[in-house]
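Visitor: Shown below is the structure under consideration.
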Amino acid sequence: ISQSDINQAGHLTIGGCDAVELANEFGTPLVVYDVNKIKSQIEHFQEVFKNNDVDYAVCYASKAFANTAMYQLVDSMNCHIDVVSAGEMSMALHAGFPASKMTFHGNNKSLAELQMAVDNGIGVIALDNFHEIDLLEQVLAKSNAEIEVMLRITPGISAHTHEYIQTGQVDSKFGFDLESGEAERALQTVLKHSRMHLIGIHAHIGSQIFELNGFEMAANKLVELAADWKQRFNYQAKVIDVGGGFGIRYTDEDKPLKPEQFVDTIIKTIKQASQDHGLDTPAVWIEPGRSIVGPAGYNLYTIGSRKDVEGIRSYVSVDGGMGDNIRPALYDAKYEAVVANRPADEIVEHVHIAGKYCESGDILIQDQPLPKTQPGDVLVMLDTGAYGYAMASNYNLNPKPAIVFVDNGKATLVTRRETPADLERLDYGLDGK
Ligand code: LLP
């Protein structure tokens, strides 16, 4: 938080809006996104591709955060998206997002989901396993349709040098294994299916990654594979999709490169390796989720009760918690926070920010430095935009928060707050009525 984020009232501002006024107007807990931050990160990605003069697609990984407005915003930025369920596909279509710019991912896509993808003309299916190839072939034959596909490869890059949420290691549940020849069998299978058009290969090695070398290794592996397949099967990959995973800063412990610096290295690695192997440079696709929405998101809470455990610690409780952000409880994820109505007040203590859920583990932040606070103050947790609302639950039957987009001082309610009636809408009574 810098001085320029504080207005004349002495309040924190988000995207030109007074955070205290947002809390008053829309209630808390509240999820707020700064539209300009989302846009500028997407633009940074697009610039780095243009500077490197390579064909590309920025595919926003919508699992990080999706609602109708977000799909529309991403569409207005000429992005593709990655979807992983009928739910994401359906909401994106409902938002008017072009089906042709969607890539459908997942390790267990159902027959119904594949049928939906084919019926709606989804751009690319990222094939993950042989069962899915069979299912897709059934759907295509029945519908007399064709579709573009990619093969998801497990590049065998394990985290021996990095600590991250791994997905690229040999024992991952995702993708076709390289070493065992599985990937090659998948290639041969897909090439035999004339209704599937294989546009390229894909790997995603993990999330919240800080080191460059994992991406370099993956990029090199994918190009080597493409070169091998060109030579032995005369198959030329048009696209190399390196997935997402570019790490962001949550606290001072994190010192990531800028997301676009990761991408710059990936592009240069792919270009160089392609040249070394005598391949035409393929289009480079990326699938960033967290880096696009994480820093743009803010969770606003109202401070309530307080408990001082003599000589040990103090808890300051807020009106949300693990239901709207499970990452601290699930991953021990760290965040920073500020008090919106006194952001510049002198820090007087370190406290645990406790959620309201009936679990001791529902602590949003441990040892948060705070000024003197009182009930009714508005606490703003920073950088909550990725995998926060997206992983929200109705635990304790708490309704999910509302979502507001702020854009140059203008606030728009884009998802309304859930109500108890929303939670009851699926239920019948004991009598089944
Ligand atoms: N592409 C694929 C195929 C993925 O599986 C993922 C994330 C992404 C792209 C986007 O990765 P990102 O750029 O957001 O790191 N819930 C966890 C993160 C799970 C990531 C799952 N896959 C968390 O809250 O940290």
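Identifiers for the structure tokens are assigned positionally: chains receive A, B, ... in sequence, residues are indexed from 1 per chain, and ligands are indexed from 1 in the order shown.
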Enumerate residues in contact with ligand 1: an atom-to-atom distance of at most 6 Å, counting only C-alpha atoms and all ligand atoms. Format the result as number ranges by chain.

Guide: A: 61, 64, 204, 207-208, 243-246, 287-291, 327, 387

Visitor: What lies within 7 Å of Asn396 in chain A using only C-alpha atoms, ignoring chain neighbours under 2 positions off, as a list in words?

Guide: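 The contact residues come out as Tyr357, Asn394 and Asn398 of chain A.
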
Visitor: Hey, can you check how far CA of Ser194 in chain A sits from CA of Tyr56 in chain A?

Guide: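 Separation of CA of Ser194 in chain A and CA of Tyr56 in chain A: 25.5 Å.
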
Visitor: Using DSSP on the backbone, list every residue of range 123-364 of chain A that comes out as strand (DSSP E or B), and give them as a VMD selection string.

Guide: chain A and resid 124 to 127 147 to 154 165 to 166 176 to 177 196 to 202 206 to 207 209 239 to 241 246 283 to 286 297 to 309 313 to 318 337 to 339 349 to 354 363 to 364

Visitor: Using only C-alpha atoms, which protein or nucleic acid residues come within 10 Å of range 361-364 of chain A? Drop anything in the same chain fewer than 2 positions from it, and give the result as a PyMOL selection string.

Guide: chain A and resi 315-318+320-323+325-330+332-337+352-359+366+368+381

Visitor: How about saving the chosen residues, C-alpha atoms kept, as a compact mmCIF listing (two decimals), in the first residue's frame?

Guide:
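Contents of result-v4.txt, as written:
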# COMPACT_ATOMS: atom_id res chain seq x y z
CA TYR A 315 -7.46 -12.76 18.14
CA VAL A 316 -9.32 -10.12 16.16
CA SER A 317 -12.32 -11.67 14.42
CA VAL A 318 -13.89 -10.69 11.12
CA GLY A 320 -15.86 -13.89 6.93
CA GLY A 321 -13.11 -16.49 6.86
CA MET A 322 -12.42 -19.93 5.44
CA GLY A 323 -15.73 -19.96 3.56
CA ASN A 325 -10.89 -17.81 1.42
CA ILE A 326 -9.81 -21.31 2.31
CA ARG A 327 -6.21 -20.87 1.20
CA PRO A 328 -4.75 -20.05 4.65
CA ALA A 329 -6.42 -23.12 6.20
CA LEU A 330 -5.74 -25.40 3.24
CA ASP A 332 -0.99 -22.34 5.05
CA ALA A 333 -1.10 -19.46 2.55
CA LYS A 334 0.08 -16.06 3.76
CA TYR A 335 -1.53 -12.70 3.11
CA GLU A 336 -1.18 -9.08 4.19
CA ALA A 337 -4.00 -6.81 5.35
CA HIS A 352 -4.25 -13.33 14.62
CA ILE A 353 -7.05 -12.39 12.22
CA ALA A 354 -9.69 -15.01 12.95
CA GLY A 355 -12.58 -15.95 10.69
CA LYS A 356 -16.08 -16.58 11.99
CA TYR A 357 -16.24 -20.27 11.08
CA CYS A 358 -16.50 -22.95 13.75
CA GLU A 359 -12.98 -24.26 13.40
CA GLN A 366 -1.25 -15.05 11.73
CA GLN A 368 -0.84 -9.45 11.39
CA MET A 381 -6.99 -8.49 2.84

Visitor: Calculate how many Å separate CA of Asp134 in chain A from CA of Glu179 in chain A, rounding to one decimal.

Guide: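 It comes out at 22.4 Å.
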
Visitor: As an exercise, work out the distance from CA of Gly304 in chain A to CA of Val378 in chain A in Å and give it to one decimal place.

Guide: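 Straight-line distance from CA of Gly304 in chain A to CA of Val378 in chain A works out to 9.6 Å.
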
Visitor: Can you pull out the residues contacting Ile38 in chain A? Cut-off 12 Å, using only C-alpha atoms, and skip same-chain residues under 2 positions away; I want them as an mmCIF file with N, CA and C atoms, in the first residue's frame.

Guide:
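To be explicit, this is the file written out as result.cif:
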data_model
loop_
_atom_site.group_PDB
_atom_site.id
_atom_site.type_symbol
_atom_site.label_atom_id
_atom_site.label_comp_id
_atom_site.auth_asym_id
_atom_site.auth_seq_id
_atom_site.Cartn_x
_atom_site.Cartn_y
_atom_site.Cartn_z
ATOM 1 N N GLY A 15 -8.861 1.007 -6.786
ATOM 2 C CA GLY A 15 -9.307 1.414 -8.127
ATOM 3 C C GLY A 15 -10.026 2.743 -8.113
ATOM 4 N N VAL A 32 -13.674 -7.502 -3.935
ATOM 5 C CA VAL A 32 -13.543 -6.362 -4.846
ATOM 6 C C VAL A 32 -12.404 -6.627 -5.828
ATOM 7 N N TYR A 33 -12.652 -6.367 -7.096
ATOM 8 C CA TYR A 33 -11.591 -6.454 -8.107
ATOM 9 C C TYR A 33 -11.353 -5.096 -8.738
ATOM 10 N N ASP A 34 -10.077 -4.760 -8.894
ATOM 11 C CA ASP A 34 -9.682 -3.554 -9.614
ATOM 12 C C ASP A 34 -9.489 -3.931 -11.088
ATOM 13 N N VAL A 35 -10.436 -3.513 -11.911
ATOM 14 C CA VAL A 35 -10.453 -3.904 -13.327
ATOM 15 C C VAL A 35 -9.167 -3.498 -14.043
ATOM 16 N N ASN A 36 -8.629 -2.324 -13.689
ATOM 17 C CA ASN A 36 -7.413 -1.876 -14.363
ATOM 18 C C ASN A 36 -6.227 -2.793 -14.117
ATOM 19 N N SER A 40 -4.224 -4.548 -17.065
ATOM 20 C CA SER A 40 -2.826 -4.223 -17.351
ATOM 21 C C SER A 40 -1.956 -5.473 -17.284
ATOM 22 N N GLN A 41 -2.307 -6.440 -16.448
ATOM 23 C CA GLN A 41 -1.501 -7.667 -16.457
ATOM 24 C C GLN A 41 -1.683 -8.427 -17.767
ATOM 25 N N ILE A 42 -2.908 -8.464 -18.262
ATOM 26 C CA ILE A 42 -3.143 -9.132 -19.553
ATOM 27 C C ILE A 42 -2.340 -8.417 -20.645
ATOM 28 N N GLU A 43 -2.367 -7.074 -20.602
ATOM 29 C CA GLU A 43 -1.623 -6.319 -21.613
ATOM 30 C C GLU A 43 -0.119 -6.591 -21.535
ATOM 31 N N HIS A 44 0.392 -6.709 -20.309
ATOM 32 C CA HIS A 44 1.823 -7.012 -20.178
ATOM 33 C C HIS A 44 2.164 -8.348 -20.833
ATOM 34 N N PHE A 45 1.297 -9.325 -20.648
ATOM 35 C CA PHE A 45 1.532 -10.620 -21.301
ATOM 36 C C PHE A 45 1.508 -10.455 -22.822
ATOM 37 N N TYR A 60 -6.664 -17.208 -20.301
ATOM 38 C CA TYR A 60 -6.880 -16.996 -18.868
ATOM 39 C C TYR A 60 -7.434 -18.291 -18.246
ATOM 40 N N PHE A 65 -10.623 -17.490 -10.981
ATOM 41 C CA PHE A 65 -11.783 -16.653 -10.631
ATOM 42 C C PHE A 65 -12.679 -16.512 -11.854
ATOM 43 N N MET A 70 -16.366 -11.320 -15.395
ATOM 44 C CA MET A 70 -14.952 -11.627 -15.652
ATOM 45 C C MET A 70 -14.785 -12.231 -17.041
ATOM 46 N N TYR A 71 -15.675 -13.150 -17.409
ATOM 47 C CA TYR A 71 -15.581 -13.725 -18.759
ATOM 48 C C TYR A 71 -15.742 -12.628 -19.814
ATOM 49 N N LEU A 73 -15.045 -9.408 -19.431
ATOM 50 C CA LEU A 73 -13.845 -8.561 -19.398
ATOM 51 C C LEU A 73 -12.698 -9.222 -20.169
ATOM 52 N N VAL A 74 -12.507 -10.509 -19.909
ATOM 53 C CA VAL A 74 -11.417 -11.229 -20.564
ATOM 54 C C VAL A 74 -11.653 -11.261 -22.073
ATOM 55 N N SER A 76 -13.192 -9.010 -23.805
ATOM 56 C CA SER A 76 -12.930 -7.673 -24.355
ATOM 57 C C SER A 76 -11.434 -7.418 -24.534
ATOM 58 N N MET A 77 -10.609 -8.239 -23.864
ATOM 59 C CA MET A 77 -9.154 -8.083 -23.967
ATOM 60 C C MET A 77 -8.558 -9.025 -25.017
ATOM 61 N N CYS A 79 -8.562 -12.241 -25.195
ATOM 62 C CA CYS A 79 -7.909 -13.414 -24.621
ATOM 63 C C CYS A 79 -8.677 -14.673 -24.974
ATOM 64 N N PRO A 288 -2.194 -18.320 -17.775
ATOM 65 C CA PRO A 288 -2.058 -17.737 -16.441
ATOM 66 C C PRO A 288 -3.414 -17.550 -15.767
ATOM 67 N N GLY A 289 -3.493 -17.878 -14.519
ATOM 68 C CA GLY A 289 -4.707 -17.647 -13.736
ATOM 69 C C GLY A 289 -4.382 -16.666 -12.615
ATOM 70 N N ARG A 290 -3.617 -17.172 -11.652
ATOM 71 C CA ARG A 290 -3.284 -16.392 -10.464
ATOM 72 C C ARG A 290 -2.670 -15.035 -10.796
ATOM 73 N N SER A 291 -1.725 -15.002 -11.739
ATOM 74 C CA SER A 291 -1.003 -13.750 -11.994
ATOM 75 C C SER A 291 -1.923 -12.684 -12.587
ATOM 76 N N ILE A 292 -3.015 -13.100 -13.228
ATOM 77 C CA ILE A 292 -3.939 -12.105 -13.800
ATOM 78 C C ILE A 292 -4.897 -11.557 -12.741
ATOM 79 N N VAL A 293 -5.429 -12.424 -11.889
ATOM 80 C CA VAL A 293 -6.453 -11.941 -10.943
ATOM 81 C C VAL A 293 -5.998 -11.813 -9.492
ATOM 82 N N GLY A 294 -4.904 -12.506 -9.121
ATOM 83 C CA GLY A 294 -4.502 -12.491 -7.703
ATOM 84 C C GLY A 294 -4.315 -11.084 -7.158
ATOM 85 N N PRO A 295 -3.378 -10.313 -7.736
ATOM 86 C CA PRO A 295 -3.094 -8.979 -7.196
ATOM 87 C C PRO A 295 -4.233 -7.987 -7.396
ATOM 88 N N ALA A 296 -5.200 -8.306 -8.246
ATOM 89 C CA ALA A 296 -6.310 -7.383 -8.513
ATOM 90 C C ALA A 296 -7.445 -7.534 -7.503
ATOM 91 N N GLY A 297 -7.372 -8.561 -6.647
ATOM 92 C CA GLY A 297 -8.500 -8.858 -5.768
ATOM 93 C C GLY A 297 -8.260 -8.460 -4.313
ATOM 94 N N ASP A 383 -4.477 -8.994 -2.302
ATOM 95 C CA ASP A 383 -4.042 -10.053 -3.233
ATOM 96 C C ASP A 383 -4.853 -11.338 -3.116
ATOM 97 N N GLY A 385 -7.352 -12.223 -5.039
ATOM 98 C CA GLY A 385 -8.177 -12.414 -6.232
ATOM 99 C C GLY A 385 -8.138 -13.788 -6.878
ATOM 100 N N ALA A 386 -7.110 -14.582 -6.579
ATOM 101 C CA ALA A 386 -7.004 -15.900 -7.219
ATOM 102 C C ALA A 386 -7.343 -17.000 -6.228
ATOM 103 N N PHE A 405 -16.805 -4.973 -9.083
ATOM 104 C CA PHE A 405 -15.688 -4.550 -9.939
ATOM 105 C C PHE A 405 -15.557 -3.035 -9.812
ATOM 106 N N VAL A 406 -14.359 -2.564 -9.546
ATOM 107 C CA VAL A 406 -14.155 -1.119 -9.552
ATOM 108 C C VAL A 406 -13.267 -0.754 -10.739
ATOM 109 N N ASP A 407 -13.633 0.349 -11.375
ATOM 110 C CA ASP A 407 -12.939 0.748 -12.597
ATOM 111 C C ASP A 407 -12.842 2.270 -12.604
#

Visitor: Any idea what's packed within 9 Å of range 278-280 of chain A, counting only C-alpha atoms, ignoring anything in its chain fewer than 6 positions away? Could you give it as a ChimeraX atom specification?

Guide: /A:223,226-227,230,236,238,271

Visitor: Trp229 in chain A: which residues within 12 Å, counting only C-alpha atoms, same-chain residues fewer than 2 positions away excluded, as a list of chain:residue names?

Guide: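 These residues fall inside the cut-off: A:Ala183, A:Glu184, A:Arg185, A:Ala186, A:Leu187, A:Gln188, A:Leu191, A:Gly200, A:Ile201, A:Leu222, A:Val223, A:Glu224, A:Leu225, A:Ala226, A:Ala227, A:Gln231, A:Arg232, A:Phe233, A:Asn234, A:Tyr235, A:Gln236, A:Ala237, A:His277, A:Leu279.
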
Visitor: Using only C-alpha atoms, determine which residues lie at most 9 Å from Gly376 in chain A, disregarding the query and same-chain residues fewer than 3 positions distant; provide the list as a list in words.

Guide: Thr302, Ile303, Gly304 and Thr373 of chain A

Visitor: Would you save the residues of that selection, restricted to C-alpha atoms, as an mmCIF file, in the first residue's frame?

Guide:
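Dumped to result-v5.cif:
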data_model
loop_
_atom_site.group_PDB
_atom_site.id
_atom_site.type_symbol
_atom_site.label_atom_id
_atom_site.label_comp_id
_atom_site.auth_asym_id
_atom_site.auth_seq_id
_atom_site.Cartn_x
_atom_site.Cartn_y
_atom_site.Cartn_z
ATOM 1 C CA THR A 302 -15.804 -5.911 9.172
ATOM 2 C CA ILE A 303 -13.946 -6.352 12.420
ATOM 3 C CA GLY A 304 -16.050 -7.721 15.288
ATOM 4 C CA THR A 373 -8.689 -1.224 16.021
#
